[in-house]
Every structure is written in structure tokens, then in C-alpha cells.
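query-v7.cif (mmCIF, C-alpha atoms and all ligand atoms) appears below.
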data_run
#
loop_
_atom_site.group_PDB
_atom_site.id
_atom_site.type_symbol
_atom_site.label_atom_id
_atom_site.label_comp_id
_atom_site.auth_asym_id
_atom_site.auth_seq_id
_atom_site.Cartn_x
_atom_site.Cartn_y
_atom_site.Cartn_z
ATOM 1 C CA MET J 1 55.488 76.811 75.590
ATOM 2 C CA PRO J 2 57.400 75.407 72.670
ATOM 3 C CA SER J 3 59.118 72.201 73.542
ATOM 4 C CA HIS J 4 62.463 71.298 72.025
ATOM 5 C CA GLU J 5 63.454 68.515 74.314
ATOM 6 C CA GLY J 6 62.571 64.880 73.992
ATOM 7 C CA SER J 7 62.056 62.936 70.815
ATOM 8 C CA PRO J 8 61.054 64.606 67.548
ATOM 9 C CA ALA J 9 57.678 62.858 67.743
ATOM 10 C CA SER J 10 56.836 64.709 70.930
ATOM 11 C CA LYS J 11 57.609 68.128 69.430
ATOM 12 C CA GLU J 12 54.781 70.564 69.315
ATOM 13 C CA LYS J 13 53.959 72.373 66.147
ATOM 14 C CA SER J 14 54.805 75.758 67.600
ATOM 15 C CA TYR J 15 58.058 77.499 66.971
ATOM 16 C CA GLN J 16 60.946 77.522 69.378
ATOM 17 C CA SER J 17 61.468 80.838 71.145
ATOM 18 C CA ILE J 18 64.876 82.434 70.881
ATOM 19 C CA ASP J 19 64.922 82.700 74.699
ATOM 20 C CA ASP J 20 64.856 78.895 74.979
ATOM 21 C CA ILE J 21 68.331 78.602 73.439
ATOM 22 C CA ARG J 22 71.106 78.181 75.981
ATOM 23 C CA LEU J 23 73.813 80.751 75.228
ATOM 24 C CA GLN J 24 77.290 79.531 76.121
ATOM 25 C CA GLU J 25 80.343 81.762 76.167
ATOM 26 C CA VAL J 26 83.406 79.857 74.937
ATOM 27 C CA GLU J 27 86.922 80.486 73.631
ATOM 28 C CA GLU J 28 87.112 82.153 70.225
ATOM 29 C CA ASP J 29 88.200 79.052 68.312
ATOM 30 C CA ALA J 30 85.326 76.956 69.705
ATOM 31 C CA ALA J 31 82.663 79.581 68.965
ATOM 32 C CA GLU J 32 79.909 79.333 66.378
ATOM 33 C CA TYR J 33 79.829 83.125 66.411
ATOM 34 C CA VAL J 34 82.395 85.708 67.472
ATOM 35 C CA VAL J 35 80.998 89.036 68.675
ATOM 36 C CA ARG J 36 83.507 91.825 68.106
ATOM 37 C CA VAL J 37 82.840 94.795 70.345
ATOM 38 C CA GLY J 38 84.503 97.812 71.934
ATOM 39 C CA LEU J 39 86.068 97.800 75.404
ATOM 40 C CA ASP J 40 83.003 99.243 77.107
ATOM 41 C CA THR J 41 80.132 97.673 75.152
ATOM 42 C CA PRO J 42 77.514 96.659 77.758
ATOM 43 C CA PRO J 43 76.349 93.022 78.056
ATOM 44 C CA SER J 44 72.814 93.922 76.929
ATOM 45 C CA GLU J 45 74.135 95.035 73.545
ATOM 46 C CA ILE J 46 76.180 91.880 73.187
ATOM 47 C CA GLU J 47 73.060 89.812 73.904
ATOM 48 C CA THR J 48 71.043 91.786 71.349
ATOM 49 C CA ARG J 49 73.691 91.117 68.760
ATOM 50 C CA ILE J 50 73.784 87.395 69.509
ATOM 51 C CA LYS J 51 69.997 87.193 69.175
ATOM 52 C CA ARG J 52 70.092 88.969 65.844
ATOM 53 C CA GLU J 53 72.713 86.529 64.641
ATOM 54 C CA LEU J 54 70.528 83.606 65.734
ATOM 55 C CA GLU J 55 67.598 85.010 63.726
ATOM 56 C CA LYS J 56 69.814 85.343 60.666
ATOM 57 C CA ARG J 57 71.039 81.745 60.853
ATOM 58 C CA PHE J 58 68.036 79.765 62.055
ATOM 59 C CA TRP J 59 64.936 80.537 60.055
ATOM 60 C CA TRP J 60 62.489 79.091 62.593
ATOM 61 C CA LEU J 61 63.537 81.732 65.153
ATOM 62 C CA ASN J 62 62.581 84.457 62.718
ATOM 63 C CA LYS J 63 59.231 86.276 63.037
ATOM 64 C CA GLU J 64 58.744 86.268 59.263
ATOM 65 C CA TRP J 65 58.274 82.481 59.362
ATOM 66 C CA GLN J 66 56.832 82.123 62.863
ATOM 67 C CA GLU J 67 53.918 84.424 62.017
ATOM 68 C CA LYS J 68 52.880 82.139 59.161
ATOM 69 C CA GLY J 69 52.049 79.378 61.602
ATOM 70 C CA PRO J 70 53.045 75.760 60.924
ATOM 71 C CA PRO J 71 53.939 74.768 57.353
ATOM 72 C CA LYS J 72 51.368 72.886 55.234
ATOM 73 C CA GLU J 73 53.730 70.031 54.504
ATOM 74 C CA GLN J 74 57.217 68.781 55.274
ATOM 75 C CA ILE J 75 59.145 66.794 52.696
ATOM 76 C CA GLU J 76 62.384 65.053 53.606
ATOM 77 C CA ILE J 77 64.721 63.922 50.866
ATOM 78 C CA ALA J 78 67.630 61.886 52.151
ATOM 79 C CA SER J 79 70.620 60.141 50.623
ATOM 80 C CA ARG J 80 72.972 57.993 52.705
ATOM 81 C CA ASP J 81 75.042 61.077 53.631
ATOM 82 C CA ALA J 82 72.821 64.127 53.453
ATOM 83 C CA LYS J 83 69.289 65.317 53.994
ATOM 84 C CA LEU J 84 67.170 68.148 52.631
ATOM 85 C CA VAL J 85 64.137 69.190 54.671
ATOM 86 C CA VAL J 86 61.538 71.110 52.722
ATOM 87 C CA TYR J 87 58.941 73.143 54.618
ATOM 88 C CA ASN J 88 56.110 74.258 52.400
ATOM 89 C CA PHE J 89 54.010 77.215 53.546
ATOM 90 C CA GLY J 90 52.058 77.440 50.283
ATOM 91 C CA ASP J 91 49.675 75.003 48.613
ATOM 92 C CA VAL J 92 50.652 71.352 48.810
ATOM 93 C CA LEU J 93 53.130 70.481 46.035
ATOM 94 C CA SER J 94 51.973 68.459 43.063
ATOM 95 C CA PRO J 95 53.635 65.041 42.570
ATOM 96 C CA GLU J 96 55.531 66.516 39.558
ATOM 97 C CA ARG J 97 57.040 69.367 41.591
ATOM 98 C CA THR J 98 57.883 67.031 44.474
ATOM 99 C CA GLN J 99 59.623 64.755 41.995
ATOM 100 C CA GLU J 100 61.563 67.698 40.560
ATOM 101 C CA LEU J 101 62.934 68.612 43.983
ATOM 102 C CA GLN J 102 63.880 64.999 44.623
ATOM 103 C CA ASP J 103 65.586 64.850 41.215
ATOM 104 C CA ALA J 104 67.491 68.095 41.815
ATOM 105 C CA PHE J 105 68.759 67.043 45.258
ATOM 106 C CA THR J 106 69.665 63.569 43.975
ATOM 107 C CA LEU J 107 71.548 65.115 41.054
ATOM 108 C CA LEU J 108 73.524 67.386 43.407
ATOM 109 C CA GLN J 109 74.423 64.442 45.670
ATOM 110 C CA GLY J 110 75.586 62.407 42.704
ATOM 111 C CA SER J 111 77.652 65.116 40.964
ATOM 112 C CA LEU J 112 79.137 67.663 43.401
ATOM 113 C CA THR J 113 82.463 67.192 45.162
ATOM 114 C CA GLU J 114 82.280 66.370 48.862
ATOM 115 C CA ASN J 115 83.263 69.932 49.842
ATOM 116 C CA LYS J 116 80.510 71.417 47.757
ATOM 117 C CA ILE J 117 77.874 68.962 49.003
ATOM 118 C CA ALA J 118 78.592 70.359 52.469
ATOM 119 C CA ASP J 119 77.628 73.837 51.200
ATOM 120 C CA ILE J 120 74.091 72.829 50.177
ATOM 121 C CA PRO J 121 71.684 74.416 52.680
ATOM 122 C CA PRO J 122 69.869 71.737 54.724
ATOM 123 C CA TYR J 123 66.496 73.507 54.427
ATOM 124 C CA CYS J 124 64.290 74.602 51.563
ATOM 125 C CA LEU J 125 61.404 76.905 52.466
ATOM 126 C CA ILE J 126 58.519 77.373 50.071
ATOM 127 C CA ASN J 127 57.068 80.789 50.813
ATOM 128 C CA ASN J 128 53.336 81.431 50.329
ATOM 129 C CA GLU J 129 54.022 85.144 49.824
ATOM 130 C CA SER J 130 55.823 86.872 46.979
ATOM 131 C CA ALA J 131 58.822 89.162 47.256
ATOM 132 C CA THR J 132 60.413 91.585 44.820
ATOM 133 C CA ASN J 133 63.708 91.016 43.085
ATOM 134 C CA THR J 134 65.696 94.181 43.807
ATOM 135 C CA LYS J 135 67.823 93.595 40.712
ATOM 136 C CA THR J 136 64.896 93.585 38.263
ATOM 137 C CA GLY J 137 61.824 94.929 40.107
ATOM 138 C CA GLU J 138 59.956 91.720 39.179
ATOM 139 C CA ASP J 139 58.656 89.014 41.521
ATOM 140 C CA LEU J 140 61.393 86.766 42.904
ATOM 141 C CA SER J 141 61.495 83.076 42.030
ATOM 142 C CA GLY J 142 64.014 82.193 44.715
ATOM 143 C CA ASN J 143 66.521 83.531 47.188
ATOM 144 C CA SER J 144 69.391 82.244 49.291
ATOM 145 C CA PRO J 145 69.770 84.720 52.158
ATOM 146 C CA PRO J 146 73.353 84.801 53.458
ATOM 147 C CA LYS J 147 73.883 82.568 56.530
ATOM 148 C CA LEU J 148 70.237 81.354 56.658
ATOM 149 C CA ASN J 149 71.093 77.733 55.759
ATOM 150 C CA ALA J 150 67.940 77.640 53.666
ATOM 151 C CA ILE J 151 66.918 78.176 50.069
ATOM 152 C CA VAL J 152 63.685 80.158 49.839
ATOM 153 C CA LEU J 153 61.384 79.482 46.896
ATOM 154 C CA TYR J 154 58.557 81.928 46.088
ATOM 155 C CA PRO J 155 55.183 81.431 44.324
ATOM 156 C CA ARG J 156 56.709 82.601 41.031
ATOM 157 C CA SER J 157 59.011 79.561 40.995
ATOM 158 C CA LEU J 158 55.845 77.427 40.782
ATOM 159 C CA SER J 159 53.702 79.594 38.529
ATOM 160 C CA GLN J 160 56.198 79.916 35.706
ATOM 161 C CA LYS J 161 56.843 76.809 33.669
ATOM 162 C CA GLU J 162 60.197 77.330 32.008
ATOM 163 C CA HIS J 163 63.480 78.376 33.529
ATOM 164 C CA ARG J 164 65.806 80.767 31.670
ATOM 165 C CA ILE J 165 67.917 77.722 30.844
ATOM 166 C CA LEU J 166 66.267 75.917 27.976
ATOM 167 C CA GLY J 167 64.574 72.591 28.741
ATOM 168 C CA VAL J 168 64.592 73.046 32.535
ATOM 169 C CA SER J 169 61.470 73.578 34.655
ATOM 170 C CA ASN J 170 61.440 76.888 36.509
ATOM 171 C CA PHE J 171 60.952 75.151 39.880
ATOM 172 C CA GLU J 172 63.934 72.826 39.543
ATOM 173 C CA GLY J 173 66.026 75.483 37.773
ATOM 174 C CA THR J 174 65.335 78.020 40.536
ATOM 175 C CA TYR J 175 66.318 75.552 43.273
ATOM 176 C CA LEU J 176 69.592 74.685 41.497
ATOM 177 C CA HIS J 177 70.297 78.370 40.724
ATOM 178 C CA GLU J 178 69.924 79.288 44.415
ATOM 179 C CA VAL J 179 72.087 76.363 45.534
ATOM 180 C CA ALA J 180 74.783 77.669 43.171
ATOM 181 C CA HIS J 181 74.761 81.001 45.035
ATOM 182 C CA CYS J 182 75.661 79.033 48.180
ATOM 183 C CA LEU J 183 78.535 77.208 46.440
ATOM 184 C CA GLN J 184 80.268 80.384 45.202
ATOM 185 C CA ASP J 185 83.111 81.667 47.340
ATOM 186 C CA GLN J 186 85.109 84.817 46.678
ATOM 187 C CA ASP J 187 88.054 83.018 45.063
ATOM 188 C CA PHE J 188 85.763 81.211 42.660
ATOM 189 C CA GLN J 189 83.967 84.460 41.778
ATOM 190 C CA LYS J 190 87.284 86.248 41.194
ATOM 191 C CA GLU J 191 88.549 83.547 38.851
ATOM 192 C CA TRP J 192 85.214 83.475 37.031
ATOM 193 C CA ARG J 193 85.327 87.260 36.490
ATOM 194 C CA GLU J 194 88.819 87.009 35.050
ATOM 195 C CA LYS J 195 88.160 83.974 32.883
ATOM 196 C CA PHE J 196 84.823 85.204 31.517
ATOM 197 C CA GLU J 197 85.779 88.852 31.120
ATOM 198 C CA TRP J 198 83.673 90.646 33.678
ATOM 199 C CA LYS J 199 84.843 94.236 34.258
ATOM 200 C CA ILE J 200 83.802 96.841 36.842
ATOM 201 C CA ASN J 201 82.273 99.995 35.430
ATOM 202 C CA ASN J 202 82.198 103.224 37.395
ATOM 203 C CA GLU J 203 79.519 105.746 36.717
ATOM 204 C CA GLU J 204 77.949 108.677 38.434
ATOM 205 C CA GLY J 205 74.446 107.765 39.614
ATOM 206 C CA ALA J 206 71.387 110.022 39.313
ATOM 207 C CA SER J 207 71.995 111.558 42.744
ATOM 208 C CA GLY J 208 75.657 112.224 41.996
ATOM 209 C CA GLN J 209 76.733 109.178 44.042
ATOM 210 C CA PRO J 210 79.338 106.894 42.482
ATOM 211 C CA HIS J 211 77.657 103.829 40.991
ATOM 212 C CA GLN J 212 79.613 100.628 40.324
ATOM 213 C CA PHE J 213 78.382 97.765 38.221
ATOM 214 C CA TYR J 214 79.724 94.820 36.269
ATOM 215 C CA VAL J 215 79.720 94.578 32.503
ATOM 216 C CA ASN J 216 80.718 91.614 30.418
ATOM 217 C CA THR J 217 82.978 92.279 27.464
ATOM 218 C CA ARG J 218 81.798 89.106 25.665
ATOM 219 C CA PRO J 219 78.000 89.434 26.107
ATOM 220 C CA GLU J 220 77.305 86.928 23.344
ATOM 221 C CA LEU J 221 78.728 84.143 25.562
ATOM 222 C CA VAL J 222 76.705 84.956 28.702
ATOM 223 C CA PRO J 223 73.799 82.462 29.016
ATOM 224 C CA ASN J 224 70.941 85.021 29.039
ATOM 225 C CA SER J 225 69.993 88.577 29.988
ATOM 226 C CA TYR J 226 69.478 87.697 33.669
ATOM 227 C CA ALA J 227 72.943 86.136 33.813
ATOM 228 C CA SER J 228 74.243 89.396 32.298
ATOM 229 C CA LEU J 229 73.254 91.304 35.458
ATOM 230 C CA ASP J 230 76.436 90.345 37.301
ATOM 231 C CA PRO J 231 79.019 87.532 37.658
ATOM 232 C CA GLN J 232 77.095 85.786 40.478
ATOM 233 C CA GLU J 233 73.989 85.389 38.320
ATOM 234 C CA ASP J 234 76.165 84.238 35.404
ATOM 235 C CA ILE J 235 77.677 81.538 37.637
ATOM 236 C CA SER J 236 74.298 80.419 39.024
ATOM 237 C CA ASP J 237 72.570 80.133 35.653
ATOM 238 C CA SER J 238 75.648 78.460 34.153
ATOM 239 C CA PHE J 239 75.441 75.923 36.982
ATOM 240 C CA VAL J 240 71.801 75.144 36.145
ATOM 241 C CA ALA J 241 72.880 74.470 32.564
ATOM 242 C CA ALA J 242 75.923 72.417 33.644
ATOM 243 C CA MET J 243 73.637 70.191 35.722
ATOM 244 C CA LYS J 244 70.600 69.915 33.435
ATOM 245 C CA ASN J 245 71.402 70.939 29.867
ATOM 246 C CA PRO J 246 75.128 71.502 29.282
ATOM 247 C CA GLY J 247 74.641 71.977 25.541
ATOM 248 C CA ALA J 248 72.529 75.099 26.151
ATOM 249 C CA ILE J 249 75.400 77.470 27.006
ATOM 250 C CA ASP J 250 79.041 78.400 26.356
ATOM 251 C CA PRO J 251 81.028 75.112 26.786
ATOM 252 C CA ALA J 252 83.883 76.910 28.566
ATOM 253 C CA ARG J 253 81.518 77.843 31.405
ATOM 254 C CA VAL J 254 80.357 74.236 31.800
ATOM 255 C CA GLU J 255 83.984 73.086 31.771
ATOM 256 C CA PHE J 256 84.939 75.618 34.482
ATOM 257 C CA ILE J 257 82.137 74.456 36.793
ATOM 258 C CA LYS J 258 83.064 70.811 36.183
ATOM 259 C CA ARG J 259 86.710 71.456 37.012
ATOM 260 C CA TYR J 260 86.008 73.163 40.348
ATOM 261 C CA TRP J 261 82.760 71.725 41.665
ATOM 262 C CA LEU J 262 81.891 68.415 40.064
ATOM 263 C CA ARG J 263 83.254 64.905 40.391
ATOM 264 C CA GLU J 264 82.746 61.853 38.224
ATOM 265 C CA GLY J 265 78.982 61.377 38.419
ATOM 266 C CA GLU J 266 77.622 58.359 40.224
ATOM 267 C CA LYS J 267 74.197 57.042 40.887
ATOM 268 C CA VAL J 268 72.854 58.037 44.279
ATOM 269 C CA ASP J 269 69.544 56.948 45.726
ATOM 270 C CA CYS J 270 67.499 59.397 47.724
ATOM 271 C CA ALA J 271 64.500 58.366 49.755
ATOM 272 C CA ILE J 272 61.600 60.740 50.120
ATOM 273 C CA GLU J 273 59.119 61.112 52.948
ATOM 274 C CA ARG J 274 56.178 63.492 53.085
ATOM 275 C CA LYS J 275 54.496 64.642 56.294
ATOM 276 C CA THR J 276 51.408 66.743 56.886
ATOM 277 C CA ASP J 277 49.365 68.052 59.821
ATOM 278 C CA SER J 278 50.275 66.351 63.101
ATOM 279 C CA GLU J 279 53.265 64.514 61.562
ATOM 280 C CA ILE J 280 55.089 67.794 60.906
ATOM 281 C CA THR J 281 58.058 68.452 63.181
ATOM 282 C CA LEU J 282 59.787 71.825 63.434
ATOM 283 C CA PRO J 283 63.518 72.196 63.949
ATOM 284 C CA SER J 284 65.069 73.490 67.157
ATOM 285 C CA LYS J 285 68.463 74.354 68.527
ATOM 286 C CA GLU J 286 69.489 73.607 72.109
ATOM 287 C CA SER J 287 72.509 75.840 72.631
ATOM 288 C CA PHE J 288 74.650 78.394 70.836
ATOM 289 C CA ALA J 289 78.351 78.887 71.560
ATOM 290 C CA TYR J 290 79.659 82.411 71.205
ATOM 291 C CA ALA J 291 82.847 84.274 72.038
ATOM 292 C CA VAL J 292 83.284 87.960 72.800
ATOM 293 C CA VAL J 293 86.359 89.715 71.476
ATOM 294 C CA ARG J 294 86.826 93.198 72.878
ATOM 295 C CA ARG J 295 89.149 95.761 71.401
ATOM 296 C CA SER J 296 89.417 99.516 71.488
ATOM 297 C CA GLY J 297 88.264 101.312 68.392
ATOM 298 C CA ALA J 298 85.723 98.636 67.382
ATOM 299 C CA PRO J 299 82.818 100.265 65.601
ATOM 300 C CA ALA J 300 79.996 101.264 67.921
ATOM 301 C CA PHE J 301 77.008 98.956 67.891
ATOM 302 C CA LYS J 302 74.053 100.578 66.208
ATOM 303 C CA ILE J 303 70.578 99.864 67.537
HETATM 304 ZN ZN ZN B 401 70.468 84.540 41.530
#

If you took the structure in this file and wrote it as C-alpha cells, what would it be?
Ligand SMILES: [Zn+2]
Amino acid sequence: MPSHEGSPASKEKSYQSIDDIRLQEVEEDAAEYVVRVGLDTPPSEIETRIKRELEKRFWWLNKEWQEKGPPKEQIEIASRDAKLVVYNFGDVLSPERTQELQDAFTLLQGSLTENKIADIPPYCLINNESATNTKTGEDLSGNSPPKLNAIVLYPRSLSQKEHRILGVSNFEGTYLHEVAHCLQDQDFQKEWREKFEWKINNEEGASGQPHQFYVNTRPELVPNSYASLDPQEDISDSFVAAMKNPGAIDPARVEFIKRYWLREGEKVDCAIERKTDSEITLPSKESFAYAVVRRSGAPAFKI
């Protein structure tokens, strides 16, 4: 039985089961998650939906990670106000890579506005298995799954030396790029598209289906070919440059990121602690507050 009570030191190295989380039904405005269902949706379907939501938000409840067994190492990087917990499922990180993560997190703490610091996912998971980038068909370096509260880094982030942004290591660049995906909200993306001339193109796809994609009308100012895929990638790679090598890209992009996301830089100290084997502690969640909102005409729940 996984234990998630008591002090962290007494935690076992097995993963918490989703059934150990106390589900509490609360009013809508106090809920962590609002389930919107039809008038006659049965309780079993509501429960299934809540469990799926839990798996989306809390990586350690997800089979993909549980089946890997405990991580090989746990690295905690903490400033006075924030903490990043890195769980590494691959080979133990070299001192250089560990330093790069510490540098990247320290840089974020010292340069982002308070609002944006709150958007940095608290976990970074280093995956021992590769995945494919659906945008390019190549191996992924990193990913920031919506709602997961974790940046996922893949073996490619470690095997390649250079990031697309000149003078930045691929490991550090990938981490910062993925963090930037978590900082982007819809308003920011909309303003970016307008300012940097991204337009929607409509085309008929091979199967006759309508196919929509973004094109940039000033391609010479986009940082690189990957950033040319769409506005989100443009923003994320521009952020890597703004943080690590501002001279490498279009100055207007750096200026835009500074204006919205950065504050006057200050020196922040981050402490680092590395744990292996029996020192490793896995996260857990005690309870989850949800609300059910029923209305007629809500889309049927698909199993
Ligand atoms: Zn990206």
C-alpha cells in the first residue's frame, strides 16, 4: 500500500493510488475542478471524469510514470520563494547538466514578473524513453502537457549539444522553451500574432478536409525554421533568446517579452539538493475538491 500520510521521510517509494485521494464535493467557486454534465449523467460517469482529470494534473497518478518504477534521482532546486523538483527516470545527470538546470531555474526566478513565476510548473520529469514530435516527425526534446504541472524532457534534450538558439545548450534551451509554453496565455498569443504578422492560411488537405495553418509574412525576422511552425513556437524560442542570448534574434521580439513578462533582473540564490535511492520521496495529494454543475443539453460523456 502506498503511504501518503506522515512525514516525507516515511514515504515509501511506491506511487500513490488514485483511489487513496479523498474526493470532496464543494461549491463551484471553491472547486479545483468543475465537472459539467447533463441532468441525468450517472455518478459513476462523474467519478470516471474526475479520475481522468486527476491523471491529467498529477503526473504520479499516471500509469505512464508509475510503470517506470521509482526515478533514478531527485533534484530539488529552491529559491526563497519557489521550488523546482526534478525527477529523473533516465541516467543520472552529469554535473554540467545539473548546473544548467539550476542556472535556468535561477535565471527565471531572477527575471520573470511575480505572476509569471507562478506559472512555472513545479516539476520537471526527465523521461528515459523517447517520443515523437507530431509537428516535425522527429524525436521530441521536451514537452509541456497542458495541466500536468510538469515539464517533460526527453533523451534528445540530453543527446544534442546545441539548441536552435545560438550559444545555448540544448538541455537548458529546451527547459526554457517548454517553460515559455506555460507562460503564454491566449491574450499574449493574440497580441504576438498581430505584432509579428502571423496570418491564418486556409487550405484543402489531402483528404479534402479543410486545413488551417499559420504563416508568417516576415519570415526573415522569425528566429529559425522551428519557430516558423507556428506563433507558439516563435514565442518559446524567442523567450530562450531573450533569457540567454538576446542579440541572437529580432530585437522587437526580445523587447515584447521584456515588456510583458520580465522585471528588472536581480540576483537570486537557489540552493540545490540531490537525492538517490532510499532518499527519494514521491509526491502525493490528500484530497481533491470538485463541483458538479448539471444542465440540460450538456454534451454526453464519451467513454
Ligand atoms: Zn515548443

Please produce, as JSON lines, a per-residue contact table for chain J versus ligand ZN 401 (chain B) (criterion: any atom at most 8 Å away, all atoms listed in the file considered), showing the nearest atom pair and its distance in Å to one decimal, sorted by chain then residue number.
{"residue": "J:Gly142", "atom": "CA", "partner": "B:ZN401", "partner_atom": "ZN", "distance": 7.6}
{"residue": "J:Asn143", "atom": "CA", "partner": "B:ZN401", "partner_atom": "ZN", "distance": 7.0}
{"residue": "J:His177", "atom": "CA", "partner": "B:ZN401", "partner_atom": "ZN", "distance": 6.2}
{"residue": "J:Glu178", "atom": "CA", "partner": "B:ZN401", "partner_atom": "ZN", "distance": 6.0}
{"residue": "J:His181", "atom": "CA", "partner": "B:ZN401", "partner_atom": "ZN", "distance": 6.6}
{"residue": "J:Gln232", "atom": "CA", "partner": "B:ZN401", "partner_atom": "ZN", "distance": 6.8}
{"residue": "J:Glu233", "atom": "CA", "partner": "B:ZN401", "partner_atom": "ZN", "distance": 4.8}
{"residue": "J:Ser236", "atom": "CA", "partner": "B:ZN401", "partner_atom": "ZN", "distance": 6.2}
{"residue": "J:Asp237", "atom": "CA", "partner": "B:ZN401", "partner_atom": "ZN", "distance": 7.6}

Using all atoms listed in the file, can you tell me which of J:Glu162, J:Asp103, J:Glu73, J:Glu129 comes closest to Leu282 of chain J? J:Glu73

Neighbours of Tyr175 of chain J within 10 Å (only C-alpha atoms; same-chain residues fewer than 4 positions away dropped), as a PyMOL selection string? chain J and resi 100-101+104-105+124+141-144+151-153+157+170-171+179-180+240

Emit the selected residues as a tab-separated table (two decimals), in the frame of the given file, including C-alpha atoms.
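Output file part.tsv follows:
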chain	number	residue	atom	x	y	z
J	100	GLU	CA	61.56	67.70	40.56
J	101	LEU	CA	62.93	68.61	43.98
J	104	ALA	CA	67.49	68.10	41.82
J	105	PHE	CA	68.76	67.04	45.26
J	124	CYS	CA	64.29	74.60	51.56
J	141	SER	CA	61.50	83.08	42.03
J	142	GLY	CA	64.01	82.19	44.72
J	143	ASN	CA	66.52	83.53	47.19
J	144	SER	CA	69.39	82.24	49.29
J	151	ILE	CA	66.92	78.18	50.07
J	152	VAL	CA	63.68	80.16	49.84
J	153	LEU	CA	61.38	79.48	46.90
J	157	SER	CA	59.01	79.56	41.00
J	170	ASN	CA	61.44	76.89	36.51
J	171	PHE	CA	60.95	75.15	39.88
J	179	VAL	CA	72.09	76.36	45.53
J	180	ALA	CA	74.78	77.67	43.17
J	240	VAL	CA	71.80	75.14	36.15

Contact residues around segment 254-259 of chain J with all atoms listed in the file at 7 Å, ignoring same-chain residues under 5 positions, as JSON, numbers by chain: {"J": [238, 239, 242, 246]}

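Nearest to Leu140 of chain J of all the residues J:Arg156, J:Phe89, J:Leu125, J:Glu53 is J:Arg156, based on all atoms listed in the file.
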
Using only C-alpha atoms, can you tell me which of J:Glu203, J:Asp234, J:Glu220, J:Glu67 comes closest to Gln189 of chain J? J:Asp234

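Atom pair atom CA of Ile46 of chain J / atom CA of Ser287 of chain J: separated by 16.5 Å.
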
What is the distance between atom CA of Trp192 of chain J and atom CA of Gly137 of chain J, in Å to one decimal?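 Atom-to-atom, atom CA of Trp192 of chain J and atom CA of Gly137 of chain J are spaced 26.2 Å apart.
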
Compare J:Arg263, J:Tyr15, J:Trp60, J:Leu229 by their minimum atom-to-atom distance to Thr134 of chain J, counting only C-alpha atoms, and give me the closest one.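 Closest to Thr134 of chain J, using only C-alpha atoms: J:Leu229.
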
Atom CA of Phe188 of chain J and atom CA of Gln109 of chain J are how many Å apart? 20.5 Å

Could you expand the PyMOL selection byres (((chain J and resi 130) around 8) and not hetatm) into the explicit residues it covers here, written as a CSV table (one decimal) with C-alpha atoms, keeping the file's coordinate frame?
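As a result, out.csv now contains:
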chain,number,residue,atom,x,y,z
J,127,ASN,CA,57.1,80.8,50.8
J,128,ASN,CA,53.3,81.4,50.3
J,129,GLU,CA,54.0,85.1,49.8
J,131,ALA,CA,58.8,89.2,47.3
J,132,THR,CA,60.4,91.6,44.8
J,139,ASP,CA,58.7,89.0,41.5
J,140,LEU,CA,61.4,86.8,42.9
J,154,TYR,CA,58.6,81.9,46.1
J,155,PRO,CA,55.2,81.4,44.3
J,156,ARG,CA,56.7,82.6,41.0
